[in-house]
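In what follows, a structure is listed as structure tokens, so that the remarks can point back to it.
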Amino acid sequence: MPLDKINGKIRVYNYSTSPVGFPSQHNQQGVFLRGRSEDEEYVVERVAFDDIEAENSKSDLFKVGRLRFHPDEENEIYELLGIEDRENIMDDKELAQVLMDDSLDNLKRISKINSMTLITRMKSMLFVLERSGKNPPHNTVEAVTERLNELKNGGKRIQNSVINRMLEEDKKRQEETKLQETVKDLVKQVEMLKKQNEEKDEIIVKSQTAIHQLLDKVETLISVPKTKPDTLLESKETKNETKDEKKSNKAPNKSR
């Protein structure tokens with residue numbers, strides 16, 4: 001989609017109540033965008049694109065969203081200006097949302113801001129929020145104040161900063177969580193080994209019972225008396241004698 005240019009000028013938006021101005025190659029009075037009133041969402045003015053390019057090379061007005069462009073044209077304009085890091089491009093509403101968030105990730109984000117313009121906007125927005133009855137979290141207020149002081153001192157980190165304290169607390173929490181998980185794993189392993197031992201004991205008991213039963217059967221078989229061959233022969237002879245006696249008793253008396 002081509003940019004909506006009129007005489008080389010594109011739409012620039014100021015969502016803040018504070019005015020913004022910067023030099024112009026076409027007007028000695030420079031570029032000026034007044035701050036919006038309370039009942040306005042934004043103020044829009046057309047600005048020469050080469051003035052925008054020149055200002056972008058010297059300041060971060062556009063890099064941090066102090067001034068914005070039409071939503072349908074922003075991506076293309078940022079590419080033309082070479083602005084790749086768009087995470088910090090925020091209007092006042094987005095800025096307020098960031099300042100009401102005291103999560104560790106958000107505080108890390110604040111602690112990494114290198115734009116004095118953005119951190120100054122944040123400091124001003126904190127005042128606006130407090131004045132309107134919205135109280136930003138204490139840790140967020142401290143993080144913004146500390147980062148502002150750090151940037152004023154060349155970016156040197158404050159050792160006992162809120163972010164460092166929270167990082168230390170987070171590290172301890174992670175270590176405790178890791179320790180608890182390790183303990184749980186060890187308990188599971190012990191229970192598993194205990195169960196395996198119980199199963200082994202049961203198998204051993206069953207095996208021992210089976211062996212005892214088998215030995216009992218073997219012992220029973222051994223204790224049964226065996227019939228000897230001599231006894232069998234003697235029994236056979238006795239039977240034969242009995243048969244002979246019966247025959248002799250049945251023989252007729254010839255003398256009669």
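How things are named: the first chain in the structure tokens is A, the next is B, and so on; residues count from 1 in each chain; ligands count from 1 in the order shown.
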
Query raised in the report: Leaving out Pro71 in chain A and any residue of its chain fewer than 2 positions from it, which residues lie within 12 Å of it when counting only C-alpha atoms, given as number ranges by chain?
Result: A: 3-4, 11-13, 68-69, 73-78, 91

Report task. Compile the contact shell of His138 in chain A as a count of residues only: residues with an atom at most 10 Å away, counting only C-alpha atoms, same-chain residues fewer than 6 positions apart removed. Result -> 3

Query - Residues of range 30-145 of chain A in alpha helix (DSSP H), written as a ChimeraX atom specification - result: /A:49-58,74-81,92-99,104-111,116-131,138-145

Which residues are close to Val43 in chain A, i.e. within 9 Å by only C-alpha atoms, leaving aside same-chain residues fewer than 2 positions away? Reply as a tab-separated table (two decimals) with N, CA and C atoms, in the first residue's frame.
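So out_23.tsv came out as:
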chain	number	residue	atom	x	y	z
A	12	VAL	N	1.54	12.33	10.87
A	12	VAL	CA	2.24	12.03	12.12
A	12	VAL	C	1.28	12.31	13.27
A	13	TYR	N	1.25	11.37	14.23
A	13	TYR	CA	0.28	11.45	15.33
A	13	TYR	C	0.97	11.67	16.67
A	14	ASN	N	0.36	12.53	17.47
A	14	ASN	CA	0.82	12.73	18.84
A	14	ASN	C	-0.32	12.30	19.77
A	15	TYR	N	-0.10	11.19	20.49
A	15	TYR	CA	-1.13	10.67	21.40
A	15	TYR	C	-0.98	11.24	22.81
A	16	SER	N	0.06	12.03	23.01
A	16	SER	CA	0.34	12.55	24.34
A	16	SER	C	-0.29	13.93	24.54
A	33	LEU	N	3.92	19.72	16.89
A	33	LEU	CA	2.65	19.03	17.12
A	33	LEU	C	2.21	19.33	18.55
A	34	ARG	N	1.08	19.99	18.67
A	34	ARG	CA	0.59	20.31	20.01
A	34	ARG	C	0.15	19.03	20.73
A	35	GLY	N	0.03	19.12	22.05
A	35	GLY	CA	-0.47	17.99	22.82
A	35	GLY	C	-1.98	17.88	22.69
A	36	ARG	N	-2.47	16.69	22.77
A	36	ARG	CA	-3.92	16.50	22.65
A	36	ARG	C	-4.62	17.02	23.91
A	37	SER	N	-5.86	17.40	23.75
A	37	SER	CA	-6.66	17.81	24.90
A	37	SER	C	-7.26	16.57	25.56
A	40	GLU	N	-9.59	14.54	23.42
A	40	GLU	CA	-9.08	14.08	22.13
A	40	GLU	C	-8.29	12.79	22.31
A	41	GLU	N	-8.33	11.98	21.26
A	41	GLU	CA	-7.54	10.74	21.30
A	41	GLU	C	-6.11	10.99	20.82
A	45	GLU	N	-0.71	15.81	12.35
A	45	GLU	CA	-0.19	16.85	11.45
A	45	GLU	C	0.57	16.15	10.33

Report task. Would you work out the distance separating CA of Ile119 in chain A from CA of Lys93 in chain A, expressed in Å to one decimal? Result ->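 Calculated distance between CA of Ile119 in chain A and CA of Lys93 in chain A is 15.1 Å.
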
Query - Exercise: range 152-154 of chain A partners within 12 Å, only C-alpha atoms, chain neighbours under 2 positions left out, as a PyMOL selection string - result: chain A and resi 114-117+119-120+145-150+156-158

Query raised in the report: Near Gly30 in chain A, within 10 Å and counting only C-alpha atoms, which residues show up once chain neighbours fewer than 6 positions away are dropped, as a ChimeraX atom specification?
Result: /A:21-24,51

Query - Selection: 9 Å around Leu81 in chain A, only C-alpha atoms, excl. self and same-chain fewer than 5 positions, as a ChimeraX atom specification - result: /A:52-53,56-57,76

Deliver the residues from the most recent selection as a file, using all heavy atoms, as a PDB file, in the first residue's frame.
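Saved the output as part15.pdb:
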ATOM      1  N   ILE A  52      11.339  13.861   8.871  1.00  0.00           N
ATOM      2  CA  ILE A  52      11.206  12.706   9.778  1.00  0.00           C
ATOM      3  C   ILE A  52      12.493  11.882   9.759  1.00  0.00           C
ATOM      4  O   ILE A  52      13.008  11.470  10.806  1.00  0.00           O
ATOM      5  CB  ILE A  52       9.996  11.835   9.368  1.00  0.00           C
ATOM      6  CG1 ILE A  52       8.699  12.613   9.599  1.00  0.00           C
ATOM      7  CG2 ILE A  52       9.976  10.522  10.146  1.00  0.00           C
ATOM      8  CD1 ILE A  52       7.464  11.934   9.043  1.00  0.00           C
ATOM      9  N   GLU A  53      13.031  11.647   8.555  1.00  0.00           N
ATOM     10  CA  GLU A  53      14.274  10.880   8.433  1.00  0.00           C
ATOM     11  C   GLU A  53      15.418  11.577   9.160  1.00  0.00           C
ATOM     12  O   GLU A  53      16.210  10.924   9.864  1.00  0.00           O
ATOM     13  CB  GLU A  53      14.636  10.694   6.957  1.00  0.00           C
ATOM     14  CG  GLU A  53      13.749   9.708   6.219  1.00  0.00           C
ATOM     15  CD  GLU A  53      14.166   9.552   4.774  1.00  0.00           C
ATOM     16  OE1 GLU A  53      14.290  10.587   4.076  1.00  0.00           O
ATOM     17  OE2 GLU A  53      14.372   8.402   4.335  1.00  0.00           O
ATOM     18  N   ASN A  56      14.887  11.312  12.917  1.00  0.00           N
ATOM     19  CA  ASN A  56      15.068   9.924  13.367  1.00  0.00           C
ATOM     20  C   ASN A  56      16.544   9.557  13.479  1.00  0.00           C
ATOM     21  O   ASN A  56      16.921   8.694  14.280  1.00  0.00           O
ATOM     22  CB  ASN A  56      14.369   8.967  12.395  1.00  0.00           C
ATOM     23  CG  ASN A  56      14.381   7.538  12.891  1.00  0.00           C
ATOM     24  OD1 ASN A  56      13.849   7.227  13.949  1.00  0.00           O
ATOM     25  ND2 ASN A  56      15.018   6.653  12.133  1.00  0.00           N
ATOM     26  N   SER A  57      17.385  10.216  12.683  1.00  0.00           N
ATOM     27  CA  SER A  57      18.827   9.943  12.750  1.00  0.00           C
ATOM     28  C   SER A  57      19.475  10.599  13.967  1.00  0.00           C
ATOM     29  O   SER A  57      20.593  10.248  14.347  1.00  0.00           O
ATOM     30  CB  SER A  57      19.516  10.439  11.468  1.00  0.00           C
ATOM     31  OG  SER A  57      19.448  11.860  11.386  1.00  0.00           O
ATOM     32  N   GLU A  76       5.353  -0.016   7.121  1.00  0.00           N
ATOM     33  CA  GLU A  76       6.133   0.403   5.954  1.00  0.00           C
ATOM     34  C   GLU A  76       7.078   1.554   6.311  1.00  0.00           C
ATOM     35  O   GLU A  76       8.247   1.565   5.896  1.00  0.00           O
ATOM     36  CB  GLU A  76       5.193   0.823   4.823  1.00  0.00           C
ATOM     37  CG  GLU A  76       5.924   1.180   3.531  1.00  0.00           C
ATOM     38  CD  GLU A  76       4.976   1.537   2.394  1.00  0.00           C
ATOM     39  OE1 GLU A  76       3.752   1.361   2.571  1.00  0.00           O
ATOM     40  OE2 GLU A  76       5.463   1.995   1.338  1.00  0.00           O
TER      41      GLU A  76
END

Query - Between CA of Leu107 in chain A and CA of Ile163 in chain A - distance in Å to one decimal - result: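 CA of Leu107 in chain A lies 6.4 Å from CA of Ile163 in chain A.
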
Report task. List the neighbours of Ser103 in chain A out to 10 Å using only C-alpha atoms; skip same-chain residues closer than 2 positions along the sequence, and give me the result as number ranges by chain. Result -> A: 98, 100-101, 105-109, 137, 139-140, 166

Please produce a file of the residues just selected, as a short mmCIF file (atom, residue, chain, number, x, y, z; two decimals), in the first residue's frame, where the atoms kept are all heavy atoms.
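The result, stored in again-v3.cif:
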data_model
loop_
_atom_site.label_atom_id
_atom_site.label_comp_id
_atom_site.auth_asym_id
_atom_site.auth_seq_id
_atom_site.Cartn_x
_atom_site.Cartn_y
_atom_site.Cartn_z
N VAL A 98 1.98 -1.05 30.58
CA VAL A 98 3.28 -1.58 30.99
C VAL A 98 3.60 -1.19 32.43
O VAL A 98 4.10 -2.00 33.22
CB VAL A 98 4.39 -1.07 30.04
CG1 VAL A 98 5.78 -1.38 30.60
CG2 VAL A 98 4.23 -1.68 28.66
N MET A 100 1.62 -0.66 34.85
CA MET A 100 0.75 -1.29 35.85
C MET A 100 1.10 -2.76 36.04
O MET A 100 0.45 -3.47 36.81
CB MET A 100 -0.72 -1.15 35.44
CG MET A 100 -1.23 0.28 35.42
SD MET A 100 -1.06 1.15 37.00
CE MET A 100 -2.25 0.25 38.00
N ASP A 101 2.12 -3.20 35.35
CA ASP A 101 2.53 -4.62 35.39
C ASP A 101 3.84 -4.74 36.17
O ASP A 101 4.85 -4.16 35.79
CB ASP A 101 2.71 -5.12 33.95
CG ASP A 101 3.15 -6.58 33.90
OD1 ASP A 101 3.21 -7.23 34.96
OD2 ASP A 101 3.43 -7.07 32.78
N ASP A 105 9.13 -10.48 34.27
CA ASP A 105 9.48 -10.27 32.86
C ASP A 105 9.36 -8.80 32.47
O ASP A 105 10.20 -8.28 31.72
CB ASP A 105 8.56 -11.11 31.96
CG ASP A 105 8.90 -12.59 32.00
OD1 ASP A 105 10.03 -12.92 32.42
OD2 ASP A 105 8.05 -13.41 31.64
N ASN A 106 8.33 -8.13 32.98
CA ASN A 106 8.16 -6.72 32.64
C ASN A 106 9.24 -5.86 33.30
O ASN A 106 9.75 -4.91 32.68
CB ASN A 106 6.77 -6.24 33.09
CG ASN A 106 6.44 -4.86 32.55
OD1 ASN A 106 6.49 -4.62 31.35
ND2 ASN A 106 6.12 -3.93 33.45
N LEU A 107 9.60 -6.20 34.53
CA LEU A 107 10.66 -5.44 35.20
C LEU A 107 12.01 -5.64 34.50
O LEU A 107 12.82 -4.72 34.42
CB LEU A 107 10.75 -5.86 36.67
CG LEU A 107 9.52 -5.53 37.53
CD1 LEU A 107 9.75 -5.97 38.97
CD2 LEU A 107 9.20 -4.04 37.48
N LYS A 108 12.22 -6.85 34.00
CA LYS A 108 13.44 -7.10 33.21
C LYS A 108 13.44 -6.21 31.97
O LYS A 108 14.48 -5.65 31.59
CB LYS A 108 13.49 -8.57 32.78
CG LYS A 108 13.87 -9.55 33.87
CD LYS A 108 13.89 -10.95 33.30
CE LYS A 108 14.23 -11.99 34.35
NZ LYS A 108 14.21 -13.37 33.78
N ARG A 109 12.28 -6.12 31.35
CA ARG A 109 12.15 -5.29 30.14
C ARG A 109 12.49 -3.83 30.45
O ARG A 109 13.23 -3.19 29.70
CB ARG A 109 10.73 -5.41 29.60
CG ARG A 109 10.43 -4.55 28.39
CD ARG A 109 8.96 -4.69 28.00
NE ARG A 109 8.62 -3.83 26.88
CZ ARG A 109 7.39 -3.71 26.41
NH1 ARG A 109 6.39 -4.38 26.96
NH2 ARG A 109 7.14 -2.91 25.38
N PRO A 137 2.26 -0.40 40.68
CA PRO A 137 2.94 -1.24 41.67
C PRO A 137 4.26 -0.62 42.11
O PRO A 137 4.97 -0.01 41.30
CB PRO A 137 3.16 -2.57 40.93
CG PRO A 137 2.13 -2.58 39.85
CD PRO A 137 1.95 -1.16 39.44
N ASN A 139 7.11 -1.94 42.90
CA ASN A 139 8.31 -2.45 42.22
C ASN A 139 8.50 -1.82 40.84
O ASN A 139 9.63 -1.58 40.40
CB ASN A 139 8.23 -3.97 42.09
CG ASN A 139 8.51 -4.68 43.39
OD1 ASN A 139 9.14 -4.12 44.29
ND2 ASN A 139 8.04 -5.90 43.53
N THR A 140 7.39 -1.56 40.14
CA THR A 140 7.49 -0.93 38.82
C THR A 140 7.99 0.50 38.95
O THR A 140 8.85 0.94 38.17
CB THR A 140 6.12 -0.94 38.12
OG1 THR A 140 5.61 -2.27 38.08
CG2 THR A 140 6.23 -0.41 36.71
N MET A 166 14.81 -8.90 42.84
CA MET A 166 13.78 -9.82 42.35
C MET A 166 14.39 -11.00 41.60
O MET A 166 13.90 -12.13 41.68
CB MET A 166 12.79 -9.08 41.46
CG MET A 166 11.93 -8.09 42.22
SD MET A 166 10.53 -7.47 41.25
CE MET A 166 9.51 -8.93 41.14
#
